[in-house]
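Following: one structure in structure tokens, then a few remarks.
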Amino acid sequence: MNTLLWILTVLSIQLNNYISFQLESKTLSNQKVVIIRAEIFFKYDEGKMITRYIYPTELISITNNKGEAAFYDPKTNTASYKRGALFLTTNDNIYLFLSERYSDLGLKEMGYKIVSKKRDKGYIVTEWLPEKSNSEDKAEKIVLAHQNDLPAYMALYSNNRCEKKIYYTGYSMYGSYFLPSRIVEITYVKSDSIIVKKEYTNYKIGSSANNPYFNFVIPSNAKTITNP
């Protein structure tokens, strides 16, 4: 392989790891609706995600697969930094699809094992339990349903009740990935529920995803602020 061909091959592989899309999230709670709109730029091979929030306010976040997060406010030229499992890009819904974990949505990696499988009205329904019965911060049971080999819904149970349901719809193929256009999460709290509807649009993969935000870095003169 000559040098030019090798360089082109490397560049092609790198570009195929670039994925961008737009997100609109609507959270319905206590008869109020909170809307967030953002542009997301994913470097899948690096586990790095740059999110440019454009509504209701402009903010840029940089997160990675180590749980490190940086937030930049372009209006005030200030930055803040955090770390924790909440910011792991590997926990992001779309990351699981980019990892092609259609069969279990990462449940095996999270310490769950399949205990039953059945067919129900066109769905393949599997039941999952934690490998360790005394595991903390884990649902005591998860039910996952597939239709046409793709995740359709997930239900999480704790204390013998369903605490959360997640629905995945509107699949299309982009490159070699099947990606959903809508994910709806319903969390049950006492006699009420919190509904989060996420709409994913304008998926771009590879060279079509070319955008300067993939290489965004917080300006060196940004002032670091400490959250209380």
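A note on labels: chains of the structure tokens are A, B, ... as shown, every chain counts residues from 1, and ligands are counted from 1 in their shown order.
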
| Residue set, stretch 5-198 of chain A restricted to helix (DSSP H, G or I), as a PyMOL selection string | chain A and resi 5-16+44-46+85-87+89-91+93-98

| request: Tell me which protein, DNA and RNA residues are within 9 Å of A:Thr126, counting only C-alpha atoms, leaving out same-chain ones fewer than 5 positions away, and put them as a PyMOL selection string. | output: chain A and resi 114-119+142-146

With N, CA and C atoms kept, could you save the residues just selected as a short mmCIF file (atom, residue, chain, number, x, y, z; two decimals), in the first residue's frame?
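So part25.cif came out as:
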data_model
loop_
_atom_site.label_atom_id
_atom_site.label_comp_id
_atom_site.auth_asym_id
_atom_site.auth_seq_id
_atom_site.Cartn_x
_atom_site.Cartn_y
_atom_site.Cartn_z
N ILE A 114 -29.70 -12.57 31.37
CA ILE A 114 -31.02 -12.89 30.85
C ILE A 114 -31.54 -14.16 31.55
N VAL A 115 -32.79 -14.11 31.99
CA VAL A 115 -33.36 -15.26 32.72
C VAL A 115 -34.57 -15.86 32.01
N SER A 116 -35.15 -15.13 31.05
CA SER A 116 -36.27 -15.70 30.30
C SER A 116 -36.42 -15.00 28.96
N LYS A 117 -37.07 -15.69 28.03
CA LYS A 117 -37.27 -15.16 26.69
C LYS A 117 -38.56 -15.74 26.14
N LYS A 118 -39.42 -14.89 25.57
CA LYS A 118 -40.68 -15.36 25.03
C LYS A 118 -41.14 -14.46 23.89
N ARG A 119 -42.08 -14.95 23.10
CA ARG A 119 -42.66 -14.17 22.02
C ARG A 119 -44.03 -13.67 22.48
N ILE A 142 -35.35 -6.03 34.74
CA ILE A 142 -35.51 -5.23 33.52
C ILE A 142 -36.16 -6.11 32.46
N VAL A 143 -37.18 -5.58 31.82
CA VAL A 143 -37.83 -6.27 30.71
C VAL A 143 -37.50 -5.51 29.42
N LEU A 144 -36.99 -6.23 28.44
CA LEU A 144 -36.57 -5.62 27.18
C LEU A 144 -37.31 -6.31 26.04
N ALA A 145 -37.94 -5.52 25.19
CA ALA A 145 -38.70 -6.08 24.06
C ALA A 145 -38.08 -5.63 22.74
N HIS A 146 -38.00 -6.57 21.80
CA HIS A 146 -37.47 -6.29 20.47
C HIS A 146 -38.54 -6.56 19.41
#

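Each of A:Tyr112, A:Asn93, A:Leu107, A:Glu140 was checked against A:Ile183 using only C-alpha atoms; the smallest atom-to-atom distance is that of A:Asn93.
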
| field | Spatial neighbours of A:Arg83, max dist 12 Å, only C-alpha atoms, sep filter under 3 positions, as a ChimeraX atom specification | value | /A:62-71,80,86-89

| said: Using only C-alpha atoms, which protein or nucleic acid residues come within 10 Å of A:Leu59? Drop anything in the same chain fewer than 3 positions from it, and give the result as a ChimeraX atom specification. | reply: /A:38,51-56,71-75,79

Please dump the current selection as a short mmCIF file (atom, residue, chain, number, x, y, z; two decimals), in the first residue's frame; keep N, CA and C atoms.
data_model
loop_
_atom_site.label_atom_id
_atom_site.label_comp_id
_atom_site.auth_asym_id
_atom_site.auth_seq_id
_atom_site.Cartn_x
_atom_site.Cartn_y
_atom_site.Cartn_z
N ALA A 38 -30.42 21.05 20.97
CA ALA A 38 -28.96 20.98 20.94
C ALA A 38 -28.47 20.33 19.66
N THR A 51 -21.53 18.74 22.89
CA THR A 51 -22.92 19.13 22.77
C THR A 51 -23.02 20.65 22.79
N ARG A 52 -23.61 21.19 21.74
CA ARG A 52 -23.82 22.63 21.66
C ARG A 52 -25.31 22.90 21.91
N TYR A 53 -25.61 23.34 23.12
CA TYR A 53 -26.99 23.68 23.46
C TYR A 53 -27.32 25.03 22.84
N ILE A 54 -28.44 25.09 22.15
CA ILE A 54 -28.80 26.33 21.46
C ILE A 54 -30.11 26.93 21.98
N TYR A 55 -30.85 26.14 22.79
CA TYR A 55 -32.09 26.65 23.38
C TYR A 55 -32.37 25.88 24.66
N PRO A 56 -32.75 26.54 25.75
CA PRO A 56 -33.14 27.95 25.88
C PRO A 56 -31.97 28.92 26.05
N PHE A 71 -17.86 22.38 30.82
CA PHE A 71 -18.97 23.21 30.35
C PHE A 71 -18.46 24.61 30.08
N TYR A 72 -18.82 25.13 28.92
CA TYR A 72 -18.33 26.45 28.52
C TYR A 72 -19.49 27.36 28.15
N ASP A 73 -19.51 28.53 28.75
CA ASP A 73 -20.51 29.56 28.45
C ASP A 73 -19.87 30.60 27.55
N PRO A 74 -20.20 30.63 26.25
CA PRO A 74 -19.55 31.57 25.33
C PRO A 74 -19.91 33.03 25.60
N LYS A 75 -21.04 33.26 26.25
CA LYS A 75 -21.43 34.65 26.52
C LYS A 75 -20.56 35.28 27.59
N ALA A 79 -15.85 28.73 32.26
CA ALA A 79 -15.87 27.27 32.15
C ALA A 79 -15.96 26.64 33.53
#

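Minimum atom-to-atom distance to A:Glu199, evaluated using only C-alpha atoms, belongs to A:Pro180 out of A:Gly47, A:Gly122, A:Gly106, A:Pro180.
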
| note | As a check of understanding: the span from atom CA of A:Thr169 to atom CA of A:Tyr153 is 8.7 Å

| message | At a cut-off of 10 Å, using only C-alpha atoms, what residues contact A:Glu131? Leave out same-chain residues fewer than 4 positions from it and give the result as a PyMOL selection string. | response | chain A and resi 108+110-114+135

I need the residues from that last selection saved to file as an mmCIF file, in the first residue's frame (with N, CA and C atoms), if you can.
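Writing the result to result-v9.cif gives the following:
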data_model
loop_
_atom_site.group_PDB
_atom_site.id
_atom_site.type_symbol
_atom_site.label_atom_id
_atom_site.label_comp_id
_atom_site.auth_asym_id
_atom_site.auth_seq_id
_atom_site.Cartn_x
_atom_site.Cartn_y
_atom_site.Cartn_z
ATOM 1 N N LYS A 108 -25.705 -6.527 29.588
ATOM 2 C CA LYS A 108 -24.686 -7.484 30.031
ATOM 3 C C LYS A 108 -23.498 -6.760 30.656
ATOM 4 N N MET A 110 -23.518 -3.983 32.063
ATOM 5 C CA MET A 110 -23.935 -3.342 33.313
ATOM 6 C C MET A 110 -24.182 -4.347 34.432
ATOM 7 N N GLY A 111 -23.938 -5.629 34.152
ATOM 8 C CA GLY A 111 -24.042 -6.622 35.205
ATOM 9 C C GLY A 111 -25.368 -7.344 35.293
ATOM 10 N N TYR A 112 -26.115 -7.412 34.166
ATOM 11 C CA TYR A 112 -27.386 -8.127 34.150
ATOM 12 C C TYR A 112 -27.261 -9.415 33.349
ATOM 13 N N LYS A 113 -28.086 -10.395 33.681
ATOM 14 C CA LYS A 113 -28.122 -11.653 32.946
ATOM 15 C C LYS A 113 -29.558 -11.933 32.510
ATOM 16 N N ILE A 114 -29.697 -12.566 31.368
ATOM 17 C CA ILE A 114 -31.021 -12.893 30.852
ATOM 18 C C ILE A 114 -31.539 -14.156 31.554
ATOM 19 N N SER A 135 -26.855 -6.053 44.521
ATOM 20 C CA SER A 135 -26.277 -4.893 43.828
ATOM 21 C C SER A 135 -27.087 -3.639 44.125
#

| Those in stretch 7-219 of chain A with strand (DSSP E or B) from DSSP, as a PyMOL selection string | chain A and resi 18-29+32-43+48-55+59-63+68-73+78-83+112-120+123-130+141-147+150-158+161-169+172-174+177-179+182-189+192-205

| request: Can you work out the spacing between atom CA of A:Lys26 and atom CA of A:Ile60 in Å, to one decimal? | output: 19.0 Å

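Closest approach to A:Phe41 among A:Leu28, A:Val125, A:Ala209, A:Val184: A:Ala209, based on only C-alpha atoms.
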
| note | The residue from A:Asn160, A:Val196, A:Ser25, A:Pro151 with the smallest atom-to-atom distance to A:Leu96, counting only C-alpha atoms, is A:Pro151

For the contact check between stretch 22-68 of chain A and stretch 186-194 of chain A, emit one row per residue of stretch 22-68 of chain A within 10 Å, containing the shortest atom pair and the distance in Å rounded to one decimal, counting only C-alpha atoms, chain then rising number order, as JSON lines.
{"residue": "A:Thr27", "atom": "CA", "partner": "A:Ile194", "partner_atom": "CA", "distance": 7.1}
{"residue": "A:Leu28", "atom": "CA", "partner": "A:Ile194", "partner_atom": "CA", "distance": 5.8}
{"residue": "A:Ser29", "atom": "CA", "partner": "A:Ile194", "partner_atom": "CA", "distance": 5.0}
{"residue": "A:Asn30", "atom": "CA", "partner": "A:Ile194", "partner_atom": "CA", "distance": 8.0}
{"residue": "A:Gln31", "atom": "CA", "partner": "A:Ile194", "partner_atom": "CA", "distance": 9.7}

Output the selection as a PDB file, in the first residue's frame - C-alpha atoms for each residue.
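Listed below is the output, out.pdb:
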ATOM      1  CA  THR A  27     -39.736  17.171  29.597  1.00  0.00           C
ATOM      2  CA  LEU A  28     -43.307  17.120  30.874  1.00  0.00           C
ATOM      3  CA  SER A  29     -43.649  17.331  34.658  1.00  0.00           C
ATOM      4  CA  ASN A  30     -46.144  18.979  37.016  1.00  0.00           C
ATOM      5  CA  GLN A  31     -48.121  20.237  34.002  1.00  0.00           C
TER       6      GLN A  31
END

| remark: Using only C-alpha atoms, the shortest atom-to-atom distance to A:Tyr200 among A:Asn215, A:Asn159, A:Ser220, A:Ser20 belongs to A:Ser20

Quick one: residues within 9 Å of stretch 170-174 of chain A, only C-alpha atoms counted, chain neighbours fewer than 2 positions away excluded, as a compact mmCIF listing (two decimals) with C-alpha atoms, in the first residue's frame?
# COMPACT_ATOMS: atom_id res chain seq x y z
CA LEU A 150 -34.35 -3.79 17.21
CA TYR A 168 -37.59 3.42 20.95
CA SER A 176 -23.99 0.78 9.04
CA TYR A 177 -26.06 1.89 12.05
CA PHE A 178 -29.75 1.56 12.85
CA LEU A 179 -30.63 4.71 14.78
CA PRO A 180 -33.96 5.77 16.34
CA SER A 181 -35.64 9.11 15.63
CA ARG A 182 -37.55 9.15 18.92
CA ILE A 183 -36.92 7.92 22.45
CA TYR A 203 -28.11 12.38 11.45
CA LYS A 204 -24.82 12.74 9.59
CA ILE A 205 -22.04 10.17 9.49

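Non-sequential neighbours of A:Thr78 (distance at most 7 Å, separation of 2 or more positions within a chain, only C-alpha atoms) are A:Tyr72, A:Asp73, A:Thr76, A:Ala222, A:Lys223, A:Thr224, A:Ile225.
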